[in-house]
Structures are given as C-alpha cells and as structure tokens.
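Here is query-v1.pdb, consisting of PDB, C-alpha atoms:
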```pdb
MODEL        1
ATOM      1  CA  ALA A  48      -9.619  20.573  -5.002
ATOM      2  CA  VAL A  49      -8.273  21.394  -8.462
ATOM      3  CA  GLY A  50      -8.454  25.124  -7.692
ATOM      4  CA  ALA A  51      -5.922  24.640  -4.889
ATOM      5  CA  LEU A  52      -3.335  23.251  -7.313
ATOM      6  CA  SER A  53      -0.511  25.335  -8.734
ATOM      7  CA  GLY A  54      -0.502  26.186 -12.423
ATOM      8  CA  GLU A  55       2.030  23.439 -13.147
ATOM      9  CA  GLU A  56      -0.041  20.908 -11.190
ATOM     10  CA  ARG A  57      -3.230  21.925 -13.037
ATOM     11  CA  THR A  58      -1.455  21.644 -16.392
ATOM     12  CA  ALA A  59      -0.010  18.231 -15.545
ATOM     13  CA  SER A  60      -3.447  17.044 -14.373
ATOM     14  CA  PHE A  61      -5.067  18.284 -17.571
ATOM     15  CA  LEU A  62      -2.475  16.553 -19.766
ATOM     16  CA  ILE A  63      -2.842  13.294 -17.833
ATOM     17  CA  GLU A  64      -6.629  13.366 -18.134
ATOM     18  CA  VAL A  65      -6.626  14.130 -21.872
ATOM     19  CA  ALA A  66      -3.941  11.531 -22.546
ATOM     20  CA  MET A  67      -5.858   8.857 -20.637
ATOM     21  CA  ARG A  68      -9.074   9.648 -22.504
ATOM     22  CA  THR A  69      -7.749   9.976 -26.045
ATOM     23  CA  GLY A  70      -4.092   8.935 -26.089
ATOM     24  CA  HIS A  71      -2.425   5.801 -27.302
ATOM     25  CA  LEU A  72       0.883   4.283 -26.304
ATOM     26  CA  THR A  73       3.642   4.287 -28.925
ATOM     27  CA  ALA A  74       7.377   3.665 -28.845
ATOM     28  CA  CYS A  75       7.835   7.437 -28.403
ATOM     29  CA  GLY A  76       5.434   7.739 -25.459
ATOM     30  CA  VAL A  77       1.748   8.495 -25.042
ATOM     31  CA  VAL A  78       0.516  10.341 -28.145
ATOM     32  CA  PHE A  79      -2.689  12.360 -27.998
ATOM     33  CA  ASP A  80      -4.477  15.228 -29.719
ATOM     34  CA  LEU A  81      -4.993  18.576 -28.059
ATOM     35  CA  ALA A  82      -8.259  19.542 -29.725
ATOM     36  CA  MET A  83      -8.411  22.873 -27.883
ATOM     37  CA  ALA A  84      -6.466  26.017 -28.733
ATOM     38  CA  ARG A  85      -3.800  27.014 -26.214
ATOM     39  CA  SER A  86      -5.886  30.045 -25.155
ATOM     40  CA  ASP A  87      -8.881  27.754 -24.506
ATOM     41  CA  ILE A  88      -6.732  25.392 -22.448
ATOM     42  CA  ALA A  89      -5.427  28.373 -20.454
ATOM     43  CA  ASP A  90      -8.994  29.556 -19.820
ATOM     44  CA  HIS A  91     -10.048  26.036 -18.801
ATOM     45  CA  LEU A  92      -7.169  25.880 -16.310
ATOM     46  CA  ALA A  93      -7.726  29.469 -15.081
ATOM     47  CA  LEU A  94      -4.246  30.445 -16.270
ATOM     48  CA  ASN A  95      -2.910  33.293 -18.345
ATOM     49  CA  ALA A  96      -2.005  32.041 -21.848
ATOM     50  CA  ASP A  97       1.592  33.237 -21.372
ATOM     51  CA  THR A  98       1.833  31.316 -18.098
ATOM     52  CA  LEU A  99       0.562  28.165 -19.789
ATOM     53  CA  SER A 100       3.100  28.661 -22.573
ATOM     54  CA  ARG A 101       5.937  28.916 -20.031
ATOM     55  CA  ILE A 102       4.737  25.792 -18.215
ATOM     56  CA  MET A 103       4.537  23.832 -21.475
ATOM     57  CA  SER A 104       8.029  25.039 -22.432
ATOM     58  CA  ARG A 105       9.396  23.857 -19.068
ATOM     59  CA  LEU A 106       7.750  20.448 -19.565
ATOM     60  CA  LYS A 107       9.411  20.205 -22.973
ATOM     61  CA  ALA A 108      12.788  21.315 -21.587
ATOM     62  CA  LYS A 109      12.568  18.654 -18.862
ATOM     63  CA  GLY A 110      11.887  16.001 -21.516
ATOM     64  CA  VAL A 111       8.434  15.231 -20.139
ATOM     65  CA  LEU A 112       6.468  16.503 -23.121
ATOM     66  CA  ALA A 113       7.123  16.833 -26.842
ATOM     67  CA  ALA A 114       5.035  18.502 -29.513
ATOM     68  CA  ALA A 115       4.666  16.154 -32.455
ATOM     69  CA  THR A 116       2.684  18.513 -34.668
ATOM     70  CA  ARG A 117       0.319  21.395 -34.128
ATOM     71  CA  GLY A 118      -2.472  20.077 -31.934
ATOM     72  CA  ARG A 119      -0.708  16.792 -31.150
ATOM     73  CA  ALA A 120       1.500  16.085 -28.160
ATOM     74  CA  ILE A 121       3.600  13.236 -26.818
ATOM     75  CA  ILE A 122       4.117  12.526 -23.150
ATOM     76  CA  LYS A 123       7.629  11.138 -23.178
ATOM     77  CA  ASP A 124       7.968  10.609 -19.412
ATOM     78  CA  TRP A 125       4.651   9.520 -17.932
ATOM     79  CA  GLN A 126       6.063   8.895 -14.436
ATOM     80  CA  SER A 127       7.569  12.379 -14.205
ATOM     81  CA  LEU A 128       4.335  13.982 -15.391
ATOM     82  CA  CYS A 129       2.349  12.034 -12.794
ATOM     83  CA  ALA A 130       4.821  13.094 -10.100
ATOM     84  CA  MET A 131       4.002  16.730 -10.875
ATOM     85  CA  THR A 132       0.436  16.554  -9.561
ATOM     86  CA  PRO A 133      -0.974  15.140  -6.326
ATOM     87  CA  ILE A 134      -4.160  14.019  -8.091
ATOM     88  CA  ALA A 135      -2.512  11.766 -10.694
ATOM     89  CA  GLY A 136      -3.538   8.640  -8.795
ATOM     90  CA  ALA A 137      -7.158   9.750  -8.560
ATOM     91  CA  LEU A 138      -7.226  10.569 -12.287
ATOM     92  CA  GLN A 139      -5.803   7.159 -13.145
ATOM     93  CA  GLN A 140      -8.272   5.426 -10.835
ATOM     94  CA  MET A 141     -11.199   7.276 -12.441
ATOM     95  CA  ALA A 142      -9.975   6.327 -15.914
ATOM     96  CA  GLY A 143      -9.741   2.691 -14.857
ATOM     97  CA  GLN A 144     -13.333   2.740 -13.623
ATOM     98  CA  ARG A 145     -14.550   4.135 -16.960
ATOM     99  CA  ARG A 146     -12.993   1.323 -18.955
TER
ENDMDL
END
```
Whole structure, structure tokens version:
Amino acid sequence: AVGALSGEERTASFLIEVAMRTGHLTACGVVFDLAMARSDIADHLALNADTLSRIMSRLKAKGVLAAATRGRAIIKDWQSLCAMTPIAGALQQMAGQRR
C-alpha cells in the first residue's frame, strides 16, 4: 500500500511514524531525531535525494515542519501533516496498540 503513495505522502507517513516512535511533545510541536542521513531516508522511501529535499523544503515553507538542528526536526502542525497522507490514521492506531 505504501508503494502506491506519492512522494509527499510517503514522506509525511515516514515523519509521522518516526515522530510517534521517538518524538516528544513540546510547546513548539513534536520534536524528534532523524537518526538517518537524508540520502538514507530517500532510499528508504524510494525517492531521489533531490526530490526528498524539495518535499522537505515545501513542508517547511508551509509551516508544517521545522529543522531544529542537524538531525533533529519539529513537526509544528501535526494535523496538516496527518492530512497529507491517507494512512495517518492507521499509523496512529498502530502506535496506540504498541503502547
């Protein structure tokens, strides 16, 4: 099912999953570490690294995502990020079952 998603949907799904596994809620949003290099994330999502970079830049421009430091990100608008992928609900349900 994930293979049928667009690049933006795959990226949003990946960010949601990582944030739910390792993130913590702060006044700024959901803060989490991106332990993988951008090229590794692109490979994982079956995207070109330049395409992933453009998608991440669009997410930042929309105010959905912010880079805190190298390797750390902040999801500033969780609802908007979830609206970008049709599997957000399934990811959240799976995370709830793990806890």
Report task. Mind checking which residues fall within 7 Å of A:Leu81, counting all atoms listed in the file, ignoring those fewer than 2 positions away in the same chain, and posting them as an MDAnalysis selection string? Result -> chainID A and resid 79 83 118:120
Requested in this report: Would you mind telling me which residue in A:Leu52, A:Ile63, A:Ala93, A:Leu128 lies nearest to A:Ala142 when using only C-alpha atoms?
Outcome: A:Ile63
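Minimum atom-to-atom distance to A:Ala114, evaluated using only C-alpha atoms, belongs to A:Val78 out of A:Leu99, A:Ala135, A:Val78, A:Leu92.
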Counting all atoms listed in the file, which residues sit no farther than 12 Å from the position (5.6, 11.2, -10.1) in the file's frame? I'd like them as a PDB file with C-alpha atoms, keeping the file's coordinate frame.
```
ATOM      1  CA  GLU A  56      -0.041  20.908 -11.190  1.00  0.00           C
ATOM      2  CA  ALA A  59      -0.010  18.231 -15.545  1.00  0.00           C
ATOM      3  CA  SER A  60      -3.447  17.044 -14.373  1.00  0.00           C
ATOM      4  CA  ILE A  63      -2.842  13.294 -17.833  1.00  0.00           C
ATOM      5  CA  VAL A 111       8.434  15.231 -20.139  1.00  0.00           C
ATOM      6  CA  ASP A 124       7.968  10.609 -19.412  1.00  0.00           C
ATOM      7  CA  TRP A 125       4.651   9.520 -17.932  1.00  0.00           C
ATOM      8  CA  GLN A 126       6.063   8.895 -14.436  1.00  0.00           C
ATOM      9  CA  SER A 127       7.569  12.379 -14.205  1.00  0.00           C
ATOM     10  CA  LEU A 128       4.335  13.982 -15.391  1.00  0.00           C
ATOM     11  CA  CYS A 129       2.349  12.034 -12.794  1.00  0.00           C
ATOM     12  CA  ALA A 130       4.821  13.094 -10.100  1.00  0.00           C
ATOM     13  CA  MET A 131       4.002  16.730 -10.875  1.00  0.00           C
ATOM     14  CA  THR A 132       0.436  16.554  -9.561  1.00  0.00           C
ATOM     15  CA  PRO A 133      -0.974  15.140  -6.326  1.00  0.00           C
ATOM     16  CA  ILE A 134      -4.160  14.019  -8.091  1.00  0.00           C
ATOM     17  CA  ALA A 135      -2.512  11.766 -10.694  1.00  0.00           C
ATOM     18  CA  GLY A 136      -3.538   8.640  -8.795  1.00  0.00           C
TER      19      GLY A 136
END
```
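With only the atoms specified (only C-alpha atoms) counting, those residues at most 12 Å away from (-3.2, 6.3, -22.3) are A:Leu62, A:Ile63, A:Glu64, A:Val65, A:Ala66, A:Met67, A:Arg68, A:Thr69, A:Gly70, A:His71, A:Leu72, A:Thr73, A:Gly76, A:Val77, A:Val78, A:Phe79, A:Asp80, A:Ile121, A:Ile122, A:Lys123, A:Trp125, A:Leu138, A:Gln139, A:Ala142, A:Gly143, A:Arg146.
In this structure, atom CA of A:Glu55 sits 16.3 Å away from atom CA of A:Asp87.
The interatomic distance for the pair atom CA of A:Ala137 and atom CA of A:Phe61 works out to 12.6 Å.
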Requested in this report: Would you list the contacts of A:Ala89 as an MDAnalysis selection string, taking every protein, DNA or RNA residue within 9 Å and counting only C-alpha atoms, but skipping same-chain residues closer than 4 positions in sequence?
Outcome: chainID A and resid 58 84:85 93:100
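What separates atom CA of A:Ser104 from atom CA of A:Arg57 is a distance of 15.0 Å.
With only C-alpha atoms as the atoms that count, the minimum distance from A:Arg117 to the choices A:Met103, A:Ile88, A:Gln140, A:Ala82 is reached by A:Ala82.
Of the listed residues A:Ile102, A:Gly50, A:Ala113, A:His91, the one whose atoms come nearest to A:Cys75 is A:Ala113, with distances taken using only C-alpha atoms.
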Enclose the full set of atoms of stretch 108-113 of chain A listed in the file within a box whose edges lie along x, y and z, apply 4 Å of padding to each of the six sides, and report centre and edge lengths in Å to one decimal as JSON.
```
{"center_x": 9.6, "center_y": 18.3, "center_z": -22.9, "size_x": 14.3, "size_y": 14.1, "size_z": 16.0}
```
Fix up stretch 120-131 of chain A with all heavy atoms, then write it as a PDB file, keeping the file's coordinate frame.
```pdb
ATOM      1  N   ALA A 120       0.424  16.086 -29.149  1.00  0.00           N
ATOM      2  CA  ALA A 120       1.500  16.085 -28.160  1.00  0.00           C
ATOM      3  C   ALA A 120       1.897  14.652 -27.817  1.00  0.00           C
ATOM      4  O   ALA A 120       1.136  13.712 -28.049  1.00  0.00           O
ATOM      5  CB  ALA A 120       1.053  16.815 -26.899  1.00  0.00           C
ATOM      6  N   ILE A 121       3.088  14.532 -27.259  1.00  0.00           N
ATOM      7  CA  ILE A 121       3.600  13.236 -26.818  1.00  0.00           C
ATOM      8  C   ILE A 121       4.099  13.394 -25.387  1.00  0.00           C
ATOM      9  O   ILE A 121       4.934  14.257 -25.111  1.00  0.00           O
ATOM     10  CB  ILE A 121       4.766  12.753 -27.693  1.00  0.00           C
ATOM     11  CG1 ILE A 121       4.353  12.651 -29.155  1.00  0.00           C
ATOM     12  CG2 ILE A 121       5.290  11.410 -27.189  1.00  0.00           C
ATOM     13  CD1 ILE A 121       5.515  12.438 -30.105  1.00  0.00           C
ATOM     14  N   ILE A 122       3.578  12.575 -24.505  1.00  0.00           N
ATOM     15  CA  ILE A 122       4.117  12.526 -23.150  1.00  0.00           C
ATOM     16  C   ILE A 122       5.240  11.497 -23.203  1.00  0.00           C
ATOM     17  O   ILE A 122       4.998  10.303 -23.361  1.00  0.00           O
ATOM     18  CB  ILE A 122       3.046  12.131 -22.117  1.00  0.00           C
ATOM     19  CG1 ILE A 122       1.948  13.187 -22.079  1.00  0.00           C
ATOM     20  CG2 ILE A 122       3.694  11.977 -20.736  1.00  0.00           C
ATOM     21  CD1 ILE A 122       0.765  12.827 -21.214  1.00  0.00           C
ATOM     22  N   LYS A 123       6.459  11.993 -23.069  1.00  0.00           N
ATOM     23  CA  LYS A 123       7.629  11.138 -23.178  1.00  0.00           C
ATOM     24  C   LYS A 123       7.994  10.493 -21.848  1.00  0.00           C
ATOM     25  O   LYS A 123       8.629   9.451 -21.819  1.00  0.00           O
ATOM     26  CB  LYS A 123       8.806  11.939 -23.719  1.00  0.00           C
ATOM     27  CG  LYS A 123       8.533  12.500 -25.127  1.00  0.00           C
ATOM     28  CD  LYS A 123       9.700  13.259 -25.648  1.00  0.00           C
ATOM     29  CE  LYS A 123      10.733  12.243 -25.987  1.00  0.00           C
ATOM     30  NZ  LYS A 123      11.632  12.511 -27.043  1.00  0.00           N
ATOM     31  N   ASP A 124       7.627  11.124 -20.745  1.00  0.00           N
ATOM     32  CA  ASP A 124       7.968  10.609 -19.412  1.00  0.00           C
ATOM     33  C   ASP A 124       6.722  10.654 -18.531  1.00  0.00           C
ATOM     34  O   ASP A 124       6.479  11.620 -17.817  1.00  0.00           O
ATOM     35  CB  ASP A 124       9.107  11.430 -18.818  1.00  0.00           C
ATOM     36  CG  ASP A 124       9.649  10.850 -17.519  1.00  0.00           C
ATOM     37  OD1 ASP A 124       8.994   9.973 -16.916  1.00  0.00           O
ATOM     38  OD2 ASP A 124      10.735  11.295 -17.109  1.00  0.00           O
ATOM     39  N   TRP A 125       5.923   9.605 -18.644  1.00  0.00           N
ATOM     40  CA  TRP A 125       4.651   9.520 -17.932  1.00  0.00           C
ATOM     41  C   TRP A 125       4.845   9.615 -16.421  1.00  0.00           C
ATOM     42  O   TRP A 125       4.117  10.331 -15.733  1.00  0.00           O
ATOM     43  CB  TRP A 125       3.934   8.220 -18.304  1.00  0.00           C
ATOM     44  CG  TRP A 125       2.584   8.093 -17.688  1.00  0.00           C
ATOM     45  CD1 TRP A 125       2.263   7.410 -16.559  1.00  0.00           C
ATOM     46  CD2 TRP A 125       1.370   8.687 -18.149  1.00  0.00           C
ATOM     47  NE1 TRP A 125       0.920   7.539 -16.289  1.00  0.00           N
ATOM     48  CE2 TRP A 125       0.351   8.313 -17.255  1.00  0.00           C
ATOM     49  CE3 TRP A 125       1.060   9.492 -19.230  1.00  0.00           C
ATOM     50  CZ2 TRP A 125      -0.967   8.722 -17.413  1.00  0.00           C
ATOM     51  CZ3 TRP A 125      -0.267   9.894 -19.379  1.00  0.00           C
ATOM     52  CH2 TRP A 125      -1.253   9.502 -18.474  1.00  0.00           C
ATOM     53  N   GLN A 126       5.841   8.906 -15.890  1.00  0.00           N
ATOM     54  CA  GLN A 126       6.063   8.895 -14.436  1.00  0.00           C
ATOM     55  C   GLN A 126       6.388  10.290 -13.915  1.00  0.00           C
ATOM     56  O   GLN A 126       5.886  10.698 -12.873  1.00  0.00           O
ATOM     57  CB  GLN A 126       7.193   7.923 -14.075  1.00  0.00           C
ATOM     58  CG  GLN A 126       6.889   6.485 -14.431  1.00  0.00           C
ATOM     59  CD  GLN A 126       5.761   5.887 -13.618  1.00  0.00           C
ATOM     60  OE1 GLN A 126       4.762   6.552 -13.317  1.00  0.00           O
ATOM     61  NE2 GLN A 126       5.874   4.625 -13.275  1.00  0.00           N
ATOM     62  N   SER A 127       7.224  11.020 -14.633  1.00  0.00           N
ATOM     63  CA  SER A 127       7.569  12.379 -14.205  1.00  0.00           C
ATOM     64  C   SER A 127       6.361  13.298 -14.261  1.00  0.00           C
ATOM     65  O   SER A 127       6.168  14.139 -13.374  1.00  0.00           O
ATOM     66  CB  SER A 127       8.692  12.951 -15.073  1.00  0.00           C
ATOM     67  OG  SER A 127       9.887  12.263 -14.824  1.00  0.00           O
ATOM     68  N   LEU A 128       5.539  13.158 -15.296  1.00  0.00           N
ATOM     69  CA  LEU A 128       4.335  13.982 -15.391  1.00  0.00           C
ATOM     70  C   LEU A 128       3.399  13.683 -14.218  1.00  0.00           C
ATOM     71  O   LEU A 128       2.876  14.595 -13.581  1.00  0.00           O
ATOM     72  CB  LEU A 128       3.617  13.759 -16.719  1.00  0.00           C
ATOM     73  CG  LEU A 128       2.402  14.651 -16.967  1.00  0.00           C
ATOM     74  CD1 LEU A 128       2.815  16.126 -17.076  1.00  0.00           C
ATOM     75  CD2 LEU A 128       1.660  14.212 -18.215  1.00  0.00           C
ATOM     76  N   CYS A 129       3.217  12.418 -13.916  1.00  0.00           N
ATOM     77  CA  CYS A 129       2.349  12.034 -12.794  1.00  0.00           C
ATOM     78  C   CYS A 129       2.900  12.548 -11.464  1.00  0.00           C
ATOM     79  O   CYS A 129       2.128  12.908 -10.569  1.00  0.00           O
ATOM     80  CB  CYS A 129       2.171  10.524 -12.751  1.00  0.00           C
ATOM     81  SG  CYS A 129       1.128   9.894 -14.079  1.00  0.00           S
ATOM     82  N   ALA A 130       4.209  12.603 -11.334  1.00  0.00           N
ATOM     83  CA  ALA A 130       4.821  13.094 -10.100  1.00  0.00           C
ATOM     84  C   ALA A 130       4.607  14.593  -9.910  1.00  0.00           C
ATOM     85  O   ALA A 130       4.777  15.107  -8.801  1.00  0.00           O
ATOM     86  CB  ALA A 130       6.314  12.770 -10.094  1.00  0.00           C
ATOM     87  N   MET A 131       4.192  15.288 -10.946  1.00  0.00           N
ATOM     88  CA  MET A 131       4.002  16.730 -10.875  1.00  0.00           C
ATOM     89  C   MET A 131       2.649  17.147 -10.314  1.00  0.00           C
ATOM     90  O   MET A 131       2.408  18.332 -10.109  1.00  0.00           O
ATOM     91  CB  MET A 131       4.171  17.353 -12.266  1.00  0.00           C
ATOM     92  CG  MET A 131       5.567  17.280 -12.767  1.00  0.00           C
ATOM     93  SD  MET A 131       5.636  18.002 -14.418  1.00  0.00           S
ATOM     94  CE  MET A 131       7.357  17.757 -14.771  1.00  0.00           C
TER      95      MET A 131
END
```
